[in-house]
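*Asks:* I'm passing along model.txt; it holds compact mmCIF, C-alpha atoms.
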# COMPACT_ATOMS: atom_id res chain seq x y z
CA MET W 1139 0.00 0.00 0.00
CA SER W 1140 1.49 3.27 -1.02
CA TYR W 1141 -0.91 5.93 0.16
CA ASN W 1142 -1.82 6.36 3.73
CA VAL W 1143 -4.81 8.51 4.59
CA SER W 1144 -4.22 8.03 8.28
CA MET W 1145 -2.92 10.79 10.48
CA ASP W 1146 -0.75 11.31 13.48
CA ASN W 1147 -1.87 11.13 17.08
CA SER W 1148 -2.16 14.87 17.63
CA LEU W 1149 -4.71 15.36 14.87
CA TYR W 1150 -6.44 12.09 15.67
CA SER W 1151 -6.84 13.27 19.23
CA LEU W 1152 -8.53 16.50 18.07
CA VAL W 1153 -10.99 14.59 15.88
CA ASP W 1154 -11.55 12.09 18.67
CA THR W 1155 -12.39 14.88 21.12
CA LEU W 1156 -14.81 16.36 18.60
CA ASP W 1157 -16.29 12.90 17.99
CA ARG W 1158 -17.03 12.35 21.69
CA ARG W 1159 -18.60 15.78 22.05
CA LEU W 1160 -20.82 15.45 18.97
CA VAL W 1161 -21.90 11.89 19.77
CA SER W 1162 -22.85 12.74 23.34
CA TYR W 1163 -24.92 15.76 22.32
CA GLY W 1164 -26.34 14.19 19.13
CA GLU W 1165 -24.95 17.07 17.09
CA THR W 1166 -23.66 17.20 13.51
CA ILE W 1167 -20.97 19.11 11.64
CA THR W 1168 -20.37 19.94 8.00
CA VAL W 1169 -17.42 21.38 6.08
CA VAL W 1170 -17.08 23.54 2.99
CA GLU W 1171 -13.51 23.47 1.74
CA SER W 1172 -11.59 25.33 -0.87
CA CYS W 1173 -7.77 25.29 -0.45
CA THR W 1174 -7.73 22.19 1.75
CA GLY W 1175 -9.57 20.37 -1.03
CA GLY W 1176 -11.16 17.61 1.04
CA ALA W 1177 -8.36 17.14 3.58
CA LEU W 1178 -10.54 18.33 6.46
CA ALA W 1179 -13.43 16.03 5.52
CA SER W 1180 -10.92 13.20 5.15
CA ALA W 1181 -9.50 13.85 8.62
CA LEU W 1182 -12.97 13.87 10.18
CA THR W 1183 -14.08 10.67 8.46
CA ALA W 1184 -10.83 8.86 9.33
CA VAL W 1185 -12.48 8.18 12.69
CA SER W 1186 -14.84 5.24 12.65
CA GLY W 1187 -18.32 6.20 13.76
CA SER W 1188 -18.02 9.63 12.14
CA SER W 1189 -21.12 8.87 10.08
CA GLN W 1190 -23.09 9.62 13.25
CA TRP W 1191 -22.19 13.31 13.03
CA PHE W 1192 -20.70 13.89 9.58
CA ARG W 1193 -23.28 13.63 6.83
CA LEU W 1194 -22.12 15.96 4.06
CA GLY W 1195 -18.97 17.79 3.01
CA LEU W 1196 -18.38 20.03 0.02
CA VAL W 1197 -15.20 20.89 -1.84
CA THR W 1198 -16.20 24.08 -3.64
CA TYR W 1199 -12.89 24.65 -5.38
CA ALA W 1200 -14.25 26.88 -8.15
CA ASP W 1201 -15.98 30.16 -7.32
CA GLN W 1202 -18.92 29.11 -9.50
CA PHE W 1203 -19.77 26.37 -7.03
CA LYS W 1204 -19.20 28.57 -4.01
CA ARG W 1205 -22.02 30.65 -5.49
CA GLU W 1206 -24.27 27.94 -6.88
CA LEU W 1207 -24.07 25.32 -4.15
CA VAL W 1208 -23.69 27.27 -0.93
CA GLY W 1209 -24.96 30.66 -2.02
CA VAL W 1210 -21.81 32.79 -1.69
CA SER W 1211 -22.66 36.25 -3.02
CA ARG W 1212 -21.21 37.63 -6.23
CA GLU W 1213 -20.60 40.86 -4.32
CA GLY W 1214 -18.41 39.16 -1.73
CA LEU W 1215 -16.37 37.39 -4.39
CA GLU W 1216 -15.95 40.50 -6.50
CA LEU W 1217 -15.25 42.99 -3.72
CA GLU W 1218 -13.14 40.88 -1.37
CA GLY W 1219 -12.18 37.79 -3.37
CA ALA W 1220 -12.68 34.11 -2.55
CA VAL W 1221 -10.03 34.29 0.20
CA SER W 1222 -11.82 36.66 2.55
CA GLY W 1223 -13.83 36.80 5.75
CA ILE W 1224 -17.07 37.62 4.00
CA VAL W 1225 -16.78 34.64 1.65
CA VAL W 1226 -15.87 32.05 4.31
CA GLY W 1227 -18.74 33.38 6.42
CA GLU W 1228 -21.13 32.85 3.54
CA MET W 1229 -19.61 29.45 2.76
CA VAL W 1230 -20.13 28.11 6.25
CA LYS W 1231 -23.63 29.56 6.54
CA GLY W 1232 -24.71 28.08 3.20
CA GLY W 1233 -23.07 24.74 3.93
CA MET W 1234 -24.78 24.41 7.31
CA ARG W 1235 -28.15 25.19 5.75
CA LEU W 1236 -27.62 22.64 2.98
CA ALA W 1237 -26.36 19.95 5.35
CA GLN W 1238 -28.82 20.87 8.12
CA ALA W 1239 -25.86 20.72 10.49
CA ASP W 1240 -25.36 22.17 13.96
CA TYR W 1241 -21.76 23.18 13.30
CA GLY W 1242 -19.81 24.10 10.23
CA ILE W 1243 -16.27 24.90 9.13
CA ALA W 1244 -15.33 26.69 5.90
CA ILE W 1245 -11.77 27.16 4.66
CA SER W 1246 -10.55 29.32 1.79
CA GLY W 1247 -6.92 30.23 1.30
CA ILE W 1248 -3.89 30.41 -0.93
CA ALA W 1249 -2.00 27.13 -0.54
CA GLY W 1250 0.53 27.98 -3.23
CA PRO W 1251 2.93 27.78 -4.83
CA GLY W 1252 1.05 30.11 -7.23
CA GLY W 1253 -1.81 32.49 -6.59
CA GLY W 1254 -0.20 34.74 -4.01
CA THR W 1255 -0.35 38.54 -4.20
CA GLU W 1256 1.21 41.31 -2.13
CA GLU W 1257 -2.03 41.76 -0.21
CA LYS W 1258 -2.71 38.01 0.08
CA PRO W 1259 0.55 36.08 -0.02
CA VAL W 1260 0.78 32.30 -0.19
CA GLY W 1261 -0.22 30.95 3.22
CA THR W 1262 -3.10 33.39 3.70
CA VAL W 1263 -6.09 31.36 4.89
CA TRP W 1264 -9.54 32.46 6.04
CA PHE W 1265 -11.76 30.28 8.21
CA GLY W 1266 -15.47 30.44 8.87
CA PHE W 1267 -16.99 28.72 11.92
CA GLY W 1268 -20.69 28.26 12.43
CA PHE W 1269 -22.46 27.19 15.60
CA GLY W 1270 -26.18 27.66 15.81
CA ASP W 1271 -26.99 31.14 14.53
CA GLN W 1272 -23.51 32.45 15.15
CA ILE W 1273 -20.79 32.79 12.55
CA GLU W 1274 -17.22 33.63 13.45
CA VAL W 1275 -14.37 34.13 11.01
CA ALA W 1276 -10.63 33.94 11.56
CA HIS W 1277 -7.59 34.65 9.49
CA MET W 1278 -4.18 33.00 9.61
CA GLN W 1279 -0.91 33.49 7.79
CA PHE W 1280 0.90 30.16 7.56
CA SER W 1281 4.37 29.50 6.24
CA GLY W 1282 5.67 26.49 4.38
CA ASP W 1283 4.84 24.74 1.13
CA ARG W 1284 1.45 23.73 -0.27
CA ASN W 1285 1.15 20.63 1.88
CA MET W 1286 2.20 22.47 5.01
CA VAL W 1287 -0.32 25.26 4.43
CA ARG W 1288 -3.07 22.69 3.89
CA SER W 1289 -2.04 20.60 6.90
CA GLN W 1290 -1.84 23.56 9.24
CA SER W 1291 -5.22 24.78 7.99
CA VAL W 1292 -6.88 21.46 8.81
CA GLU W 1293 -5.37 21.36 12.27
CA PHE W 1294 -6.09 25.01 13.09
CA SER W 1295 -9.71 24.67 11.99
CA LEU W 1296 -10.29 21.72 14.30
CA ARG W 1297 -8.61 23.34 17.31
CA LYS W 1298 -10.58 26.53 16.86
CA MET W 1299 -13.89 24.72 16.31
CA LEU W 1300 -13.37 22.78 19.54
CA GLN W 1301 -12.67 26.02 21.43
CA LEU W 1302 -15.84 27.58 20.08
CA ILE W 1303 -17.96 24.54 20.91
CA GLU W 1304 -16.66 24.23 24.47
CA MET Z 521 3.36 20.55 12.15
CA SER Z 522 1.66 17.37 13.09
CA TYR Z 523 -0.58 16.50 10.20
CA ASN Z 524 0.74 15.89 6.76
CA VAL Z 525 -1.72 15.84 3.89
CA SER Z 526 1.04 15.04 1.43
CA MET Z 527 1.35 11.66 -0.19
CA ASP Z 528 3.98 9.31 -1.40
CA ASN Z 529 5.55 9.31 -4.85
CA SER Z 530 3.48 6.49 -6.30
CA LEU Z 531 0.17 8.26 -5.70
CA TYR Z 532 1.61 11.63 -6.58
CA SER Z 533 2.74 10.18 -9.88
CA LEU Z 534 -0.80 8.96 -10.66
CA VAL Z 535 -2.29 12.38 -9.93
CA ASP Z 536 0.50 14.04 -11.89
CA THR Z 537 -0.23 11.86 -14.94
CA LEU Z 538 -3.92 12.72 -14.67
CA ASP Z 539 -3.03 16.40 -14.28
CA ARG Z 540 -0.98 16.46 -17.49
CA ARG Z 541 -3.70 14.69 -19.44
CA LEU Z 542 -6.53 16.93 -18.21
CA VAL Z 543 -4.54 20.14 -18.69
CA SER Z 544 -3.51 19.26 -22.23
CA TYR Z 545 -7.08 18.39 -23.28
CA GLY Z 546 -8.75 21.14 -21.25
CA GLU Z 547 -10.88 18.55 -19.47
CA THR Z 548 -12.29 18.49 -15.93
CA ILE Z 549 -13.01 15.82 -13.32
CA THR Z 550 -15.27 15.62 -10.29
CA VAL Z 551 -15.58 13.18 -7.40
CA VAL Z 552 -18.47 11.98 -5.25
CA GLU Z 553 -17.15 10.17 -2.19
CA SER Z 554 -18.69 8.17 0.56
CA CYS Z 555 -16.31 5.82 2.43
CA THR Z 556 -13.14 7.70 1.39
CA GLY Z 557 -14.69 10.81 2.94
CA GLY Z 558 -12.74 13.44 0.99
CA ALA Z 559 -9.43 11.57 0.72
CA LEU Z 560 -9.71 11.32 -3.08
CA ALA Z 561 -10.48 15.03 -3.48
CA SER Z 562 -7.61 15.78 -1.12
CA ALA Z 563 -5.20 13.67 -3.19
CA LEU Z 564 -6.25 15.39 -6.42
CA THR Z 565 -5.94 18.89 -4.99
CA ALA Z 566 -2.56 18.15 -3.40
CA VAL Z 567 -1.13 18.92 -6.84
CA SER Z 568 -0.72 22.61 -7.54
CA GLY Z 569 -2.59 23.70 -10.63
CA SER Z 570 -5.40 21.24 -9.93
CA SER Z 571 -7.87 24.13 -9.93
CA GLN Z 572 -7.59 24.04 -13.72
CA TRP Z 573 -9.43 20.72 -13.83
CA PHE Z 574 -10.92 20.13 -10.38
CA ARG Z 575 -13.80 22.48 -9.65
CA LEU Z 576 -16.14 20.60 -7.32
CA GLY Z 577 -16.07 17.55 -5.08
CA LEU Z 578 -18.81 16.11 -2.89
CA VAL Z 579 -18.62 13.97 0.21
CA THR Z 580 -22.11 12.50 0.34
CA TYR Z 581 -21.61 10.47 3.49
CA ALA Z 582 -25.31 10.17 4.40
CA ASP Z 583 -27.74 8.49 2.02
CA GLN Z 584 -30.01 11.52 2.29
CA PHE Z 585 -27.42 13.61 0.45
CA LYS Z 586 -26.68 10.89 -2.08
CA ARG Z 587 -30.35 11.30 -3.00
CA GLU Z 588 -30.80 15.05 -2.60
CA LEU Z 589 -27.55 16.34 -4.05
CA VAL Z 590 -26.65 13.92 -6.81
CA GLY Z 591 -30.01 12.28 -7.43
CA VAL Z 592 -29.34 8.70 -6.34
CA SER Z 593 -32.64 6.82 -6.55
CA ARG Z 594 -34.48 5.62 -3.49
CA GLU Z 595 -34.99 2.32 -5.35
CA GLY Z 596 -31.25 1.76 -5.76
CA LEU Z 597 -30.60 2.49 -2.09
CA GLU Z 598 -33.45 0.29 -0.91
CA LEU Z 599 -32.92 -2.65 -3.23
CA GLU Z 600 -29.13 -2.79 -3.41
CA GLY Z 601 -27.90 -0.55 -0.58
CA ALA Z 602 -25.52 2.41 -0.70
CA VAL Z 603 -22.56 0.09 -1.38
CA SER Z 604 -23.61 -1.19 -4.79
CA GLY Z 605 -22.99 -0.80 -8.49
CA ILE Z 606 -26.29 0.89 -9.16
CA VAL Z 607 -25.69 3.53 -6.48
CA VAL Z 608 -22.09 4.40 -7.47
CA GLY Z 609 -23.29 4.63 -11.09
CA GLU Z 610 -25.97 7.11 -10.08
CA MET Z 611 -23.54 8.98 -7.83
CA VAL Z 612 -21.01 9.56 -10.59
CA LYS Z 613 -23.67 10.48 -13.14
CA GLY Z 614 -25.30 12.99 -10.81
CA GLY Z 615 -21.97 14.42 -9.71
CA MET Z 616 -20.79 14.96 -13.29
CA ARG Z 617 -24.04 16.72 -14.15
CA LEU Z 618 -23.82 18.97 -11.11
CA ALA Z 619 -20.14 19.77 -11.66
CA GLN Z 620 -20.47 19.92 -15.46
CA ALA Z 621 -17.36 17.74 -15.59
CA ASP Z 622 -15.94 15.56 -18.37
CA TYR Z 623 -14.92 12.77 -15.99
CA GLY Z 624 -16.15 11.58 -12.65
CA ILE Z 625 -15.29 9.10 -9.92
CA ALA Z 626 -17.70 7.87 -7.23
CA ILE Z 627 -16.70 5.66 -4.30
CA SER Z 628 -18.95 3.89 -1.83
CA GLY Z 629 -17.76 1.12 0.44
CA ILE Z 630 -17.46 -0.34 3.90
CA ALA Z 631 -14.23 0.97 5.41
CA GLY Z 632 -14.88 -0.60 8.79
CA PRO Z 633 -14.33 -1.54 11.48
CA GLY Z 634 -18.14 -1.67 11.76
CA GLY Z 635 -20.80 -1.95 9.08
CA GLY Z 636 -19.75 -5.22 7.50
CA THR Z 637 -22.21 -8.01 6.71
CA GLU Z 638 -21.80 -11.53 5.37
CA GLU Z 639 -22.77 -10.35 1.89
CA LYS Z 640 -20.75 -7.12 2.10
CA PRO Z 641 -17.83 -7.58 4.49
CA VAL Z 642 -15.55 -4.74 5.59
CA GLY Z 643 -13.34 -3.85 2.62
CA THR Z 644 -16.13 -4.13 0.05
CA VAL Z 645 -15.90 -1.03 -2.16
CA TRP Z 646 -17.82 -0.07 -5.29
CA PHE Z 647 -16.51 2.46 -7.79
CA GLY Z 648 -18.29 4.42 -10.48
CA PHE Z 649 -16.36 5.97 -13.37
CA GLY Z 650 -17.85 8.42 -15.81
CA PHE Z 651 -16.39 9.61 -19.10
CA GLY Z 652 -18.64 11.43 -21.50
CA ASP Z 653 -21.91 9.51 -21.72
CA GLN Z 654 -20.37 6.28 -20.51
CA ILE Z 655 -20.56 4.97 -16.96
CA GLU Z 656 -18.56 1.99 -15.80
CA VAL Z 657 -18.66 0.43 -12.36
CA ALA Z 658 -16.15 -1.76 -10.58
CA HIS Z 659 -16.06 -3.71 -7.37
CA MET Z 660 -13.11 -4.49 -5.14
CA GLN Z 661 -12.62 -6.43 -1.95
CA PHE Z 662 -9.76 -4.88 0.02
CA SER Z 663 -8.17 -6.15 3.20
CA GLY Z 664 -6.72 -4.20 6.09
CA ASP Z 665 -8.03 -1.65 8.55
CA ARG Z 666 -10.13 1.45 7.93
CA ASN Z 667 -7.18 3.55 6.75
CA MET Z 668 -5.89 0.84 4.47
CA VAL Z 669 -9.30 0.31 2.87
CA ARG Z 670 -9.63 4.05 2.28
CA SER Z 671 -6.06 4.39 0.97
CA GLN Z 672 -6.38 1.47 -1.42
CA SER Z 673 -9.71 2.82 -2.63
CA VAL Z 674 -8.18 6.19 -3.51
CA GLU Z 675 -5.28 4.61 -5.35
CA PHE Z 676 -7.38 2.05 -7.21
CA SER Z 677 -9.84 4.71 -8.36
CA LEU Z 678 -7.08 6.83 -9.86
CA ARG Z 679 -5.37 3.91 -11.61
CA LYS Z 680 -8.64 2.73 -13.11
CA MET Z 681 -9.71 6.23 -14.18
CA LEU Z 682 -6.41 6.69 -15.99
CA GLN Z 683 -6.86 3.37 -17.79
CA LEU Z 684 -10.36 4.35 -18.90
CA ILE Z 685 -9.25 7.77 -20.11
CA GLU Z 686 -6.31 6.43 -22.09
Write the structure described by the file as structure tokens, please.

*Replies:*
Amino acid sequence: MSYNVSMDNSLYSLVDTLDRRLVSYGETITVVESCTGGALASALTAVSGSSQWFRLGLVTYADQFKRELVGVSREGLELEGAVSGIVVGEMVKGGMRLAQADYGIAISGIAGPGGGTEEKPVGTVWFGFGFGDQIEVAHMQFSGDRNMVRSQSVEFSLRKMLQLIE
Amino acid sequence: MSYNVSMDNSLYSLVDTLDRRLVSYGETITVVESCTGGALASALTAVSGSSQWFRLGLVTYADQFKRELVGVSREGLELEGAVSGIVVGEMVKGGMRLAQADYGIAISGIAGPGGGTEEKPVGTVWFGFGFGDQIEVAHMQFSGDRNMVRSQSVEFSLRKMLQLIE
């Protein structure tokens, strides 16, 4: 076997903590990913029993599907760009509505190596977190290559979501 | 950094071959995942430049979203179950329509450790492949734990898709 979708203990422990919380409260979570491209959904579903609380995940890589599937506004995309607080807020809101989920995480960033600008260099990542009616957004500037930016984004999003839930 | 979403050379080479083919023909691909839970989308988007040909991916973990989002029939789910040729065929067809993609891969299986039956033991995975108007399905019986079943499913789906394209 040449491809391992498993993960190390630190990340597993985050997902495991989330799993126990969601199972005990009968709650669900959904994700809407752009730059992480499915890596967050994959981390969540690596845990057996995740089907109890993970029912739908979306990888809206192209802006067209951010608009069409989760209802991101044209205004947000045009004024602020796909990597922005307004867009991740709309992504998570739309994803939670579609998935009928209690919690949601949206991630949009510039994983590199291309796509960076002076204003938004490679490693710029925006996160949207939804819990109930509340939406919170966060912004991080990661360093490292494409895989490192994606990996750190997955881990950060889980840590932050757990803080918000608890 | 404690979580690495990168992958080994063998899988990277498969995605890289697919990347060169899709870029040179201006074609696109979409994925609809169940048991792999985003791991296939994550592998595809690990390659920089994948946004040229990967625009949307769906993780339809719950049957409800297999029906509502990609139009899997209630009959297929009730008669054959979510892990079946008819369902992966409908998943890939619906996903390609939604994503307006030239190619599609759908995966539905029993990654374990729970969920296995005598007829469909853990490691049973069905694959749907779409290219143009054609849909082909395949069935594999993998061994190993949850991560190994998921990993082998990702790799098999890419190898088979490349064969069908070429």

*Asks:* Find the residues around region 587-592 of chain Z up to 6 Å (all atoms listed in the file counted), leave out those fewer than 2 positions away in its own chain, and share them as an MDAnalysis selection string.

*Replies:* chainID Z and resid 584:585 610:611 614:615

*Asks:* So that I can check the surroundings of region 529-543 of chain Z, please list as a PyMOL selection string every protein, DNA and RNA residue that reaches within 10 Å of it, counting only C-alpha atoms and ignoring chain neighbours fewer than 5 positions away.

*Replies:* (chain W and resi 1139-1142) or (chain Z and resi 548-549+563-570+572-574+622-623+671+674-676+678-679+681-682+685-686)

*Asks:* Between W:Met1278, W:Gln1272, W:Val1169, W:Leu1194, which is the closest to Gln1290 (chain W) once you count only C-alpha atoms?

*Replies:* W:Met1278

*Asks:* Can you build me a table of chain Z residues sitting at most 6 Å from chain W, with the closest atom pair per residue and its distance in Å to one decimal, using all atoms listed in the file, sorted by chain and residue number, as a Markdown table?

*Replies:*
| residue | atom | partner | partner_atom | distance |
| --- | --- | --- | --- | --- |
| Z:Tyr523 | CA | W:Ser1289 | CA | 5.5 |
| Z:Asn524 | CA | W:Ser1289 | CA | 5.5 |
| Z:Val525 | CA | W:Ser1289 | CA | 5.6 |
| Z:Ser526 | CA | W:Asn1285 | CA | 5.6 |
| Z:Gly557 | CA | W:Ser1180 | CA | 5.0 |
| Z:Gly558 | CA | W:Gly1176 | CA | 4.5 |
| Z:Ala559 | CA | W:Ser1180 | CA | 4.9 |
| Z:Ala561 | CA | W:Gly1176 | CA | 5.2 |
| Z:Ser562 | CA | W:Gly1176 | CA | 4.5 |
| Z:Thr565 | CA | W:Gly1175 | CA | 5.6 |
| Z:Arg575 | CA | W:Ala1200 | CA | 4.7 |
| Z:Leu576 | CA | W:Thr1198 | CA | 5.1 |
| Z:Gly577 | CA | W:Val1197 | CA | 4.7 |
| Z:Leu578 | CA | W:Leu1196 | CA | 4.9 |
| Z:Val579 | CA | W:Gly1195 | CA | 4.7 |
| Z:Thr580 | CA | W:Leu1194 | CA | 5.1 |
| Z:Tyr581 | CA | W:Arg1193 | CA | 4.9 |
| Z:Ala582 | CA | W:Arg1193 | CA | 4.7 |
| Z:Asn667 | CA | W:Ser1144 | CA | 5.6 |
| Z:Ser671 | CA | W:Asn1142 | CA | 5.4 |

*Asks:* Would you compute the distance between CA of Pro641 (chain Z) and CA of Ser593 (chain Z)? Give it in Å to one decimal.

*Replies:*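 Separating CA of Pro641 (chain Z) from CA of Ser593 (chain Z) is a distance of 23.4 Å.
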
*Asks:* May I have the residues within 7 Å of Val1221 (chain W) as a list in words, using only C-alpha atoms and disregarding those fewer than 6 positions away in the same chain?

*Replies:*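 My reading of the contact set: Ser1246, Gly1247, Val1263 and Trp1264 of chain W.
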
*Asks:* In Å, how far is it from CA of Gly1219 (chain W) to CA of Gln1279 (chain W)?

*Replies:*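 Separation of CA of Gly1219 (chain W) and CA of Gln1279 (chain W): 16.4 Å.
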
*Asks:* Please measure the separation of CA of Gly1214 (chain W) and CA of Gly1227 (chain W), giving the value in Å to one decimal.

*Replies:* 10.0 Å

*Asks:* With distances taken over only C-alpha atoms, which of Z:Asp665, Z:Thr644, Z:Phe651, Z:Tyr545 is nearest to Gln620 (chain Z)?

*Replies:*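 Closest candidate: Z:Phe651.
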
*Asks:* Can I get region 557-576 of chain Z with N, CA and C atoms filled in, as a PDB file, in the frame of the given file?

*Replies:*
ATOM      1  N   GLY Z 557     -14.426   9.617   2.131  1.00  0.00           N
ATOM      2  CA  GLY Z 557     -14.690  10.810   2.940  1.00  0.00           C
ATOM      3  C   GLY Z 557     -13.897  12.067   2.603  1.00  0.00           C
ATOM      4  N   GLY Z 558     -13.499  12.240   1.361  1.00  0.00           N
ATOM      5  CA  GLY Z 558     -12.740  13.440   0.990  1.00  0.00           C
ATOM      6  C   GLY Z 558     -11.283  13.145   0.680  1.00  0.00           C
ATOM      7  N   ALA Z 559     -10.842  11.914   0.928  1.00  0.00           N
ATOM      8  CA  ALA Z 559      -9.430  11.570   0.720  1.00  0.00           C
ATOM      9  C   ALA Z 559      -9.054  11.601  -0.766  1.00  0.00           C
ATOM     10  N   LEU Z 560      -9.997  11.265  -1.641  1.00  0.00           N
ATOM     11  CA  LEU Z 560      -9.710  11.320  -3.080  1.00  0.00           C
ATOM     12  C   LEU Z 560      -9.603  12.771  -3.539  1.00  0.00           C
ATOM     13  N   ALA Z 561     -10.547  13.596  -3.137  1.00  0.00           N
ATOM     14  CA  ALA Z 561     -10.480  15.030  -3.480  1.00  0.00           C
ATOM     15  C   ALA Z 561      -9.194  15.635  -2.955  1.00  0.00           C
ATOM     16  N   SER Z 562      -8.827  15.255  -1.734  1.00  0.00           N
ATOM     17  CA  SER Z 562      -7.610  15.780  -1.120  1.00  0.00           C
ATOM     18  C   SER Z 562      -6.363  15.377  -1.909  1.00  0.00           C
ATOM     19  N   ALA Z 563      -6.339  14.142  -2.395  1.00  0.00           N
ATOM     20  CA  ALA Z 563      -5.200  13.670  -3.190  1.00  0.00           C
ATOM     21  C   ALA Z 563      -5.115  14.454  -4.493  1.00  0.00           C
ATOM     22  N   LEU Z 564      -6.251  14.666  -5.137  1.00  0.00           N
ATOM     23  CA  LEU Z 564      -6.250  15.390  -6.420  1.00  0.00           C
ATOM     24  C   LEU Z 564      -5.784  16.834  -6.233  1.00  0.00           C
ATOM     25  N   THR Z 565      -6.262  17.476  -5.177  1.00  0.00           N
ATOM     26  CA  THR Z 565      -5.940  18.890  -4.990  1.00  0.00           C
ATOM     27  C   THR Z 565      -4.597  19.106  -4.300  1.00  0.00           C
ATOM     28  N   ALA Z 566      -3.915  18.017  -3.956  1.00  0.00           N
ATOM     29  CA  ALA Z 566      -2.560  18.150  -3.400  1.00  0.00           C
ATOM     30  C   ALA Z 566      -1.608  18.680  -4.462  1.00  0.00           C
ATOM     31  N   VAL Z 567      -1.973  18.480  -5.728  1.00  0.00           N
ATOM     32  CA  VAL Z 567      -1.130  18.920  -6.840  1.00  0.00           C
ATOM     33  C   VAL Z 567      -1.463  20.372  -7.181  1.00  0.00           C
ATOM     34  N   SER Z 568      -0.453  21.212  -7.208  1.00  0.00           N
ATOM     35  CA  SER Z 568      -0.720  22.610  -7.540  1.00  0.00           C
ATOM     36  C   SER Z 568      -1.147  22.707  -9.000  1.00  0.00           C
ATOM     37  N   GLY Z 569      -2.056  23.583  -9.274  1.00  0.00           N
ATOM     38  CA  GLY Z 569      -2.590  23.700 -10.630  1.00  0.00           C
ATOM     39  C   GLY Z 569      -3.837  22.865 -10.830  1.00  0.00           C
ATOM     40  N   SER Z 570      -4.220  22.097  -9.804  1.00  0.00           N
ATOM     41  CA  SER Z 570      -5.400  21.240  -9.930  1.00  0.00           C
ATOM     42  C   SER Z 570      -6.685  22.043 -10.117  1.00  0.00           C
ATOM     43  N   SER Z 571      -6.658  23.320  -9.751  1.00  0.00           N
ATOM     44  CA  SER Z 571      -7.870  24.130  -9.930  1.00  0.00           C
ATOM     45  C   SER Z 571      -8.224  24.298 -11.406  1.00  0.00           C
ATOM     46  N   GLN Z 572      -7.278  24.008 -12.283  1.00  0.00           N
ATOM     47  CA  GLN Z 572      -7.590  24.040 -13.720  1.00  0.00           C
ATOM     48  C   GLN Z 572      -8.583  22.956 -14.117  1.00  0.00           C
ATOM     49  N   TRP Z 573      -8.592  21.842 -13.409  1.00  0.00           N
ATOM     50  CA  TRP Z 573      -9.430  20.720 -13.830  1.00  0.00           C
ATOM     51  C   TRP Z 573     -10.287  20.121 -12.708  1.00  0.00           C
ATOM     52  N   PHE Z 574     -10.067  20.582 -11.493  1.00  0.00           N
ATOM     53  CA  PHE Z 574     -10.920  20.130 -10.380  1.00  0.00           C
ATOM     54  C   PHE Z 574     -11.692  21.330  -9.882  1.00  0.00           C
ATOM     55  N   ARG Z 575     -13.020  21.298  -9.992  1.00  0.00           N
ATOM     56  CA  ARG Z 575     -13.800  22.480  -9.650  1.00  0.00           C
ATOM     57  C   ARG Z 575     -14.783  22.208  -8.514  1.00  0.00           C
ATOM     58  N   LEU Z 576     -15.165  20.936  -8.360  1.00  0.00           N
ATOM     59  CA  LEU Z 576     -16.140  20.600  -7.320  1.00  0.00           C
ATOM     60  C   LEU Z 576     -15.972  19.146  -6.902  1.00  0.00           C
TER      61      LEU Z 576
END
